[in-house]
Amino acid sequence: MSNEAIIHGPEVAHGNAAEHQGHEHHEQHFIWKYIFSQDHKIISRQFLVTGIFWAIVGAFFSLIFRLQLGFPDSTFPWMESILGEWAKGGKLSPEFYYALITMHGTILVFFVLTAGLSGTFANLLIPLQIGARDMASPFLNMLSYWFFFASSVFMFISLFVQTGPAAGGWTTYPPLSALKEASLGSGVGMDLWLIGMALFVISSLLGGLNYISTVLNMRTKGMTMTRLPLTIWALFFTAVLGVLSFPVLFSGFVLLIFDRNFGTSFYLSEIFINGRALPHIGGSAILYQHLFWFLGHPEVYIIMLPGMGMASEIIAVNSRKPIFGYLAMVISLISITLLAFLVWAHHMFVTGMSPFLGSIFVLLTLLIAVPSAVKVFNWLTTIWKGNLRFTPAMLFALGFVSLFISGGLTGIFLGNSALDIHLHDTYFVVAHFHIVMGVSAFFGMFAGIYHWFPKMFGRFMNNTLGYIHFFITIAGAYLIFWPMHYEGIAGMPRRYYDYSAWESFKQFQSLNAFISVIAAIVFFTQFIFVINFFVSIWRGRRLTNPNPWGATTLEWTTPIHPGHGNWEGEIPEVYRWAYDYKDDGHGGDFIPQTVPLREGEEDH
Amino acid sequence: MSGFITIALIFLVFIIIYQIAKASEYASVIRGEEKVKVQTNRTIAWLLVIFFLLGLWGIWKCHMLLQDKMLPVSASVQGVQYDLMFKATLWVTGVTFFITQTLLFWFCFKYQSTEKRTSFFFPHNNKLEVLWTTVPAIAMAALVAVGLKNWMAFTSEAPKDAMIVEVVGKQFNWLIRYPGQDGVLGKRDFRKIDDANNVLGLDWTDKDNMDDIIAQNGELHLVVNRPVKLIIGSRDVIHDVGLPHFRMKMDAVPGIMTTLWFTPQYTSTEMKKITGNENFVYEIACDQVCGKGHYSMRGTVIVQTQVEYDAWMLMQKSYYASTHESVAPAPGATAPKTDSVKAITMK
C-alpha cells in the first residue's frame, strides 16, 4: 500500500479521496484507535504490554521452581493456595515442576523475547527510522498482533487444564510429548500448546513479511540501504530468519499433531509404554529434533539480533560517536544470519548422529564466533575515545555487551562437540543460554525501552529507578548464572526436580539455595521497572525537546506526539548516513540525517 | 494473613522507592538539570568501576570455593584427554573474557562525558577490522582442530577386545544386559516385552539370548582398564546415558540403537580414596527429560578388577533361567563363565 493510502484509509483507493482531503485528524473511536488499531505505534505498544504481562508470568514460574530447587525439604503453604492440587501441603509436585519449566521456557523464548521484542521494536522503529507513514500492510500488521493475542489465550488456558500444561521441556521432544501415557502434560495441555504455537507461527510470519517488505520498499527519498541505522538492519535480518525458519517448525508441529491424534508414525517407533506395545514402527524421534532445531537455532538469533541492533544504536548515540565499522557490522549481521541456518545440529551432538556430520557442524558453529567477535570489538572501539553519557538505556546497552561476551565465550565450549559430550544438558548449558539469549537479550530490550520510551509516550521514565534496576539486575544475573557453570562442569544435569538422592550432585545444595535467593531478589527488582514503566506513561516528566538524546535518526524528527502517519506534511528526505556524530559547525556534536551535505563534505 | 502482610509490605517498599526516585527527579529540576546530569554521570562511572572490581573479586571467590568440585577426577582414559582440552579452552576464553571486560569498563570510566571532552570521529579502520577478524578466526581454527581430533577419537569404533553391555532406559530406571558366556547379545523385540518375565522383550527363539544376563539391581559392572562398549536403547521415550565421571554421554532413543565406548581407569574403591568420600559411587544420570520421574532415573556403575568382576559374574543367573525356574533349564543356560578375552560382537 502506498504511504498516502495508509493515512487516508482505503477510501482513497475507491476514489473518494476528494471529500477526505484535509480530514486527517478526525477523532477515532477508542476501539479503532487503541484496540483494533492499524497504527504501527499502537501495535508496538500492544506487543510490548502483552510481552510485559508474559514476562511477569514466565519469571514468576521460575521463582516457584527455584524455590523447589533451592529448598527441596521445605514447604510453602502459600503455594498450595495458588496451585492447589499441584502443591499439596505446600510442596510442589514433580509433574507441575516439569510443567513450570516447560512453560517458563516457552513463554520467555517465544512470547516475550520473540513477539515482545521484535513485535515491539520492529513495529515502532521500522517505519519511524526509514521514514514511512506506516507498515507496508497495516492490516496484516494488526492481524499479526491479534494472532499473537489468540495464541496467548490458548497458551494461557493451557495453564488451567486439569492435567496441567505441556511438561516435556520447551523443546517438546516426542515420544514424550506425543504419548499421553508418557506424562500428564502430554494430554490436553500439549494440544493447547501446539495450537498456541501454530497461531504464534502465523503471527510471526505475518509480522515478518510485513517488516521485510516495509524495509525494502518504503524507505523515504535518499534513505539508501547503507544509510539505514543498524537497528533496522538487525530487525530486517531478524524478520528474514523468522520467515525462513518458522515454517519448518510448523511442519514439525503438524507431524506431531498427526502422530498424537491420527495414528501416524513420523516420530514413533518400537515403543512399549504403560504395559502395552504400541503399533508404531519405522518413525524417527530424531527427525523432530532436526525440524525443531532448524527453527530453534535461528530462533536464538531472532532473539539476539534486535538487541545487537539497538545496543549499536544506543551506544553510538550516547558515546556521541559514530558506530565503529558500520559496514563490518552489517556484514557480520549477514554472516550470522546465513550461518544461523547451518548450525542447528550442534544441539544434537549426543543423539547418535554420524560423527562426520557432527564435525561439519562443529566447524560451522565455531565460525559464528568470528562475526560475533567482530561485533564486540566494534562496540568496544565505539566507546573508545567517546564522550559517554550514562543514561539508563546506555547502561543496559553496555550491560548487553558485557553479558554477550560472557555468554558468547561459553558457547565456544558447547559448540565444540568433543567438549559438548560432557556438558550437554547440564547446568553449563543453562548458564550459557540464560546469560546470552536470556539476560543479554533482555538487556537489549530494556535498553530499547528506556531509550525509545519518550518516542512512544512523549514522557521520560524515571532515571533513578532505571539506575537501581540496572545495577541490581546485572549483579543479580551474574550471581545467579556464574556459579551455575561450575555445577554444569561437574556434570549436574538440568531439568531435575531434586538432587538430594545423587551422591555426585547433592554437594551443590547450598549453592542452589543461594542462587534461588538471588533469583527471588532479581524477580522483585523487576517490579521497579514495571512500576516505572506504567506510572511514567501517565506521570512521567514531559518531553519538551523532540530530540531528547541528540540523535541523528529520523524518528526524532516527528512531533512529540506523532499521529497516525508520523510526520505532518512531507516525509523528510535523507542526505547522509545515520551516524554523523561530529561537529556540525555550530557548536553541536551531531548532524541529523535530514541535513544536506555541506560543501566539500563527503558522503560516508 | 501473614501472606497478605508480606504483600502489603513489599508494595509499601515499592511505593517508598518510587517516591524517593520521583523526589530526586524534582530536586534535579530545582538544582539545575545540567549540573545534576554531570554529577550523576560521574557517580555512575564510579559505580561501574566498583561493580567491575567487585565482580572480579566475586569471580575469584567463586573459583576458590568451587574449583575442587567443578571437574571431578576423570575416571576414564578418554576423560583425561577431555580435561586437557577443557582446560585449554578455558584459558583461551578466560583470557579473552578478562581483556574484553576490562576494556569495556575501563573505557566507560576513562571516556565518561565531561564538559571539556569531545568525541573522536572514528568511523572505521580497515587494518583494525581485518586484525580482529583474522585473530578470532585463527583461534577458532585451532580449537576446532583440537576438538575434531578428540571428537574422532571419542566416537571412533570401539577396540575389538572391548566388553559389550547393553543399557536400556525406561521410565524411570535403567535395564542392564550382559551378553553372557557366548559374548553375544541376542535379538530383542519390543512386542515381546512383558514387565513380569521379559523386561527387554528377549526373543527366546534366538539361542544367543539363553545365556544373557539382566542385572538384578540395575548395576553396571565394568572391569578397570578394559574398554567397554555400551549398546544403548530405550523402551519408551528418549533418555540419555550420562556418565559424568567418565565424561561420556549418549541419548537412548526408542527404535534406534546408539553406542558409546570408553576405558575406565579407576575402580570404585580407588575412586573412594581419590575423592576422599567414603560414599563415592559412579552414577548414571538421565540427561534427557523423560517425564515426572526424570530426576530419579539413577543408575550406578561399579568398576572392579578382573578378579572381582569374574567372581561377581559367576554368581549371576541367566535371565532365561531366572524367569523360567519352574520349567526345565534350557540348554546353555547354566551358570555362565566369563568372557574375559574372547572378542565379542553384537548380532
# chains A, B, ... in the order shown; residues from 1 in each chain; ligands from 1

call {"tool": "residues_around", "arguments": {"residues": "region 335-340 of chain A", "least_positions_apart": "2", "cutoff": "7 Å", "atoms": "only C-alpha atoms", "output": "PyMOL selection string"}}
result
chain A and resi 237+241+297-298+331-333+342-343+364+368+371

call {"tool": "write_last_selection", "arguments": {"atoms": "N, CA and C atoms", "output": "short mmCIF file (atom, residue, chain, number, x, y, z; two decimals), in the first residue's frame"}}
result
data_model
loop_
_atom_site.label_atom_id
_atom_site.label_comp_id
_atom_site.auth_asym_id
_atom_site.auth_seq_id
_atom_site.Cartn_x
_atom_site.Cartn_y
_atom_site.Cartn_z
N PHE A 237 17.05 -8.51 9.38
CA PHE A 237 17.54 -9.89 9.34
C PHE A 237 16.80 -10.78 10.33
N LEU A 241 15.18 -14.27 9.18
CA LEU A 241 15.37 -15.55 9.89
C LEU A 241 14.03 -16.18 10.23
N HIS A 297 17.60 -23.03 16.32
CA HIS A 297 18.83 -22.24 16.37
C HIS A 297 18.68 -20.85 15.81
N PRO A 298 18.12 -20.69 14.59
CA PRO A 298 17.85 -19.31 14.15
C PRO A 298 17.07 -18.51 15.19
N ILE A 331 27.95 -6.54 7.61
CA ILE A 331 28.42 -7.82 7.06
C ILE A 331 28.35 -8.90 8.14
N SER A 332 28.70 -8.55 9.38
CA SER A 332 28.64 -9.58 10.42
C SER A 332 27.19 -9.99 10.68
N LEU A 333 26.25 -9.05 10.57
CA LEU A 333 24.84 -9.44 10.70
C LEU A 333 24.45 -10.42 9.60
N LEU A 342 22.79 -22.97 9.37
CA LEU A 342 23.66 -24.10 9.06
C LEU A 342 24.26 -24.75 10.29
N VAL A 343 23.72 -24.46 11.47
CA VAL A 343 24.38 -24.96 12.68
C VAL A 343 23.43 -25.72 13.60
N LEU A 364 31.08 -25.16 11.38
CA LEU A 364 30.18 -24.05 11.07
C LEU A 364 29.81 -23.28 12.33
N ILE A 368 30.68 -18.99 13.62
CA ILE A 368 29.82 -17.88 14.05
C ILE A 368 30.54 -17.00 15.07
N PRO A 371 32.09 -13.46 13.30
CA PRO A 371 31.29 -12.23 13.22
C PRO A 371 30.87 -11.71 14.60
#

call {"tool": "closest_atom_pairs", "arguments": {"of": "chain A", "to": "chain B", "cutoff": "6 Å", "atoms": "only C-alpha atoms", "output": "tab-separated table"}}
result
residue	atom	partner	partner_atom	distance
A:Pro94	CA	B:Lys292	CA	5.5
A:Glu95	CA	B:Lys292	CA	5.1
A:Pro175	CA	B:Val237	CA	5.1
A:Leu176	CA	B:Val237	CA	5.4
A:Ser183	CA	B:Gly291	CA	5.6
A:Ser269	CA	B:Gly255	CA	5.1
A:Glu270	CA	B:Gly255	CA	5.1
A:Ile271	CA	B:Asp236	CA	4.9
A:Phe272	CA	B:Asp236	CA	5.5
A:Ile273	CA	B:Asp236	CA	5.6
A:Ala277	CA	B:Arg191	CA	5.6
A:Pro322	CA	B:Pro123	CA	5.6
A:Phe324	CA	B:Pro123	CA	4.9
A:Gly325	CA	B:His124	CA	4.5
A:Val350	CA	B:Met250	CA	5.0
A:Thr351	CA	B:Asp251	CA	5.0
A:Gly352	CA	B:Thr258	CA	5.5
A:Val370	CA	B:Pro136	CA	5.8
A:Trp384	CA	B:Phe107	CA	5.9
A:Lys385	CA	B:Phe120	CA	5.7
A:Gly386	CA	B:Ser119	CA	4.4
A:Asn387	CA	B:Ser113	CA	4.5
A:Leu388	CA	B:Gln112	CA	4.5
A:Arg389	CA	B:Ser113	CA	5.6
A:Phe390	CA	B:Asn41	CA	5.8
A:Leu409	CA	B:Thr93	CA	5.8
A:Asn416	CA	B:Gly147	CA	6.0
A:Ala418	CA	B:Trp151	CA	4.6
A:Ile421	CA	B:Lys249	CA	5.7
A:His422	CA	B:Arg247	CA	4.9
A:Thr464	CA	B:Ala21	CA	5.4
A:Tyr486	CA	B:Met70	CA	5.1
A:Ile489	CA	B:Met70	CA	5.3
A:Ala490	CA	B:Met70	CA	4.5
A:Gly491	CA	B:Pro244	CA	5.1
A:Pro493	CA	B:Asp287	CA	5.8
A:Tyr496	CA	B:Tyr295	CA	4.5
A:Tyr497	CA	B:Tyr295	CA	5.7

call {"tool": "write_last_selection", "arguments": {"atoms": "N, CA and C atoms", "output": "compact mmCIF listing (two decimals), in the first residue's frame"}}
result
# COMPACT_ATOMS: atom_id res chain seq x y z
N PRO A 94 6.29 -33.08 41.29
CA PRO A 94 7.21 -33.17 40.14
C PRO A 94 6.51 -32.89 38.82
N GLU A 95 5.28 -33.39 38.66
CA GLU A 95 4.57 -33.15 37.39
C GLU A 95 4.49 -31.65 37.11
N PRO A 175 9.15 -39.01 21.77
CA PRO A 175 7.81 -39.52 22.07
C PRO A 175 7.19 -38.95 23.35
N LEU A 176 7.99 -38.31 24.23
CA LEU A 176 7.43 -37.84 25.49
C LEU A 176 6.22 -36.94 25.25
N SER A 183 3.29 -38.84 30.05
CA SER A 183 3.34 -37.77 31.04
C SER A 183 2.00 -37.06 31.07
N SER A 269 8.49 -45.13 17.12
CA SER A 269 8.91 -46.44 16.67
C SER A 269 9.25 -47.32 17.86
N GLU A 270 8.77 -48.55 17.84
CA GLU A 270 9.16 -49.58 18.80
C GLU A 270 9.03 -49.09 20.25
N ILE A 271 7.82 -48.74 20.62
CA ILE A 271 7.61 -48.21 21.97
C ILE A 271 6.73 -49.13 22.79
N PHE A 272 7.19 -49.40 24.00
CA PHE A 272 6.41 -50.17 24.95
C PHE A 272 6.17 -49.27 26.15
N ILE A 273 4.92 -48.91 26.38
CA ILE A 273 4.66 -47.99 27.47
C ILE A 273 3.35 -48.35 28.13
N ALA A 277 2.61 -52.66 24.07
CA ALA A 277 3.45 -52.29 22.93
C ALA A 277 2.60 -51.51 21.94
N PRO A 322 30.28 7.99 15.97
CA PRO A 322 29.67 7.03 15.04
C PRO A 322 29.96 5.60 15.49
N PHE A 324 31.52 2.20 15.23
CA PHE A 324 32.76 1.88 14.53
C PHE A 324 32.51 0.73 13.55
N GLY A 325 32.96 0.91 12.32
CA GLY A 325 32.88 -0.16 11.33
C GLY A 325 31.45 -0.52 10.94
N VAL A 350 24.86 -35.45 20.83
CA VAL A 350 24.83 -36.74 21.52
C VAL A 350 23.57 -37.55 21.22
N THR A 351 22.93 -37.28 20.06
CA THR A 351 21.76 -38.08 19.72
C THR A 351 22.16 -39.34 18.98
N GLY A 352 23.45 -39.53 18.75
CA GLY A 352 23.88 -40.69 17.99
C GLY A 352 24.01 -40.38 16.52
N VAL A 370 33.32 -15.76 14.82
CA VAL A 370 34.09 -14.69 14.18
C VAL A 370 33.26 -13.41 14.00
N TRP A 384 35.49 3.72 22.75
CA TRP A 384 36.86 4.23 22.92
C TRP A 384 36.93 5.68 22.43
N LYS A 385 37.45 6.56 23.27
CA LYS A 385 37.55 7.99 22.94
C LYS A 385 36.20 8.61 22.63
N GLY A 386 35.17 8.09 23.25
CA GLY A 386 33.87 8.72 23.10
C GLY A 386 33.65 9.76 24.18
N ASN A 387 32.43 10.16 24.33
CA ASN A 387 32.06 11.17 25.33
C ASN A 387 30.81 10.60 26.00
N LEU A 388 31.03 9.61 26.88
CA LEU A 388 29.94 8.71 27.27
C LEU A 388 28.95 9.32 28.26
N ARG A 389 27.68 9.29 27.90
CA ARG A 389 26.60 9.72 28.79
C ARG A 389 25.91 8.48 29.31
N PHE A 390 25.88 8.31 30.62
CA PHE A 390 25.29 7.08 31.16
C PHE A 390 23.81 7.24 31.44
N LEU A 409 31.28 -16.54 25.06
CA LEU A 409 32.51 -17.33 25.23
C LEU A 409 32.20 -18.76 25.65
N ASN A 416 31.87 -27.00 20.43
CA ASN A 416 32.93 -27.94 20.10
C ASN A 416 32.48 -29.32 20.59
N ALA A 418 33.41 -32.30 21.02
CA ALA A 418 34.11 -33.14 21.99
C ALA A 418 33.85 -32.64 23.41
N ILE A 421 30.06 -33.23 24.74
CA ILE A 421 29.61 -34.54 25.23
C ILE A 421 29.34 -34.48 26.73
N HIS A 422 30.32 -33.98 27.48
CA HIS A 422 30.18 -33.96 28.94
C HIS A 422 29.26 -32.84 29.41
N THR A 464 16.39 7.56 38.16
CA THR A 464 16.90 6.93 39.38
C THR A 464 16.45 5.48 39.46
N TYR A 486 29.84 -23.87 37.17
CA TYR A 486 30.60 -24.85 37.94
C TYR A 486 29.78 -26.12 38.15
N ILE A 489 29.89 -28.00 34.91
CA ILE A 489 31.17 -28.65 34.63
C ILE A 489 31.30 -29.92 35.47
N ALA A 490 30.66 -29.92 36.64
CA ALA A 490 30.68 -31.14 37.46
C ALA A 490 29.70 -32.18 36.92
N GLY A 491 28.96 -31.83 35.87
CA GLY A 491 28.07 -32.80 35.23
C GLY A 491 26.64 -32.77 35.75
N PRO A 493 22.98 -32.49 35.88
CA PRO A 493 22.02 -32.38 34.78
C PRO A 493 20.99 -31.29 35.04
N TYR A 496 16.18 -31.28 36.66
CA TYR A 496 15.96 -32.22 37.75
C TYR A 496 15.12 -31.52 38.82
N TYR A 497 14.23 -32.28 39.40
CA TYR A 497 13.31 -31.75 40.41
C TYR A 497 13.98 -31.71 41.77

call {"tool": "select_by_dssp", "arguments": {"residues": "region 120-237 of chain A", "states": "alpha helix (DSSP H)", "output": "ChimeraX atom specification"}}
result
/A:120-130,138-158,188-217,230-237

call {"tool": "residues_around", "arguments": {"residues": "Tyr309 (chain B)", "least_positions_apart": "3", "cutoff": "10 Å", "atoms": "only C-alpha atoms", "output": "PyMOL selection string"}}
result
chain B and resi 221-224+302-306+312-314+338+340

call {"tool": "residues_around", "arguments": {"residues": "region 215-229 of chain A", "least_positions_apart": "2", "cutoff": "8 Å", "atoms": "only C-alpha atoms", "output": "PyMOL selection string"}}
result
chain A and resi 3+126+129-132+136+211-213+231-233+236+313+553+571-579

call {"tool": "residues_around", "arguments": {"residues": "Ile257 (chain A)", "least_positions_apart": "4", "cutoff": "10 Å", "atoms": "only C-alpha atoms", "output": "ChimeraX atom specification"}}
result
/A:178,190-191,194-195,251-253,261-264

call {"tool": "residues_around", "arguments": {"residues": "Ile164 (chain B)", "least_positions_apart": "3", "cutoff": "7 Å", "atoms": "only C-alpha atoms", "output": "short mmCIF file (atom, residue, chain, number, x, y, z; two decimals) with N, CA and C atoms, in the first residue's frame"}}
result
data_model
loop_
_atom_site.label_atom_id
_atom_site.label_comp_id
_atom_site.auth_asym_id
_atom_site.auth_seq_id
_atom_site.Cartn_x
_atom_site.Cartn_y
_atom_site.Cartn_z
N VAL B 228 35.01 -50.66 27.32
CA VAL B 228 33.65 -51.18 27.33
C VAL B 228 32.84 -50.44 26.29
N LYS B 229 32.03 -51.20 25.56
CA LYS B 229 31.16 -50.58 24.57
C LYS B 229 29.73 -50.74 25.05
N LEU B 230 29.03 -49.63 25.22
CA LEU B 230 27.64 -49.68 25.64
C LEU B 230 26.74 -49.65 24.43
#

call {"tool": "residues_around", "arguments": {"residues": "Ser406 (chain A)", "least_positions_apart": "3", "cutoff": "12 Å", "atoms": "only C-alpha atoms", "output": "ChimeraX atom specification"}}
result
/A:373,376,399-403,409-412,431-437,439-440,477-478,481-482,485 /B:93-101

call {"tool": "atom_distance", "arguments": {"atom1": "CA of Phe156 (chain A)", "atom2": "CA of Thr426 (chain A)"}}
result
29.1 Å
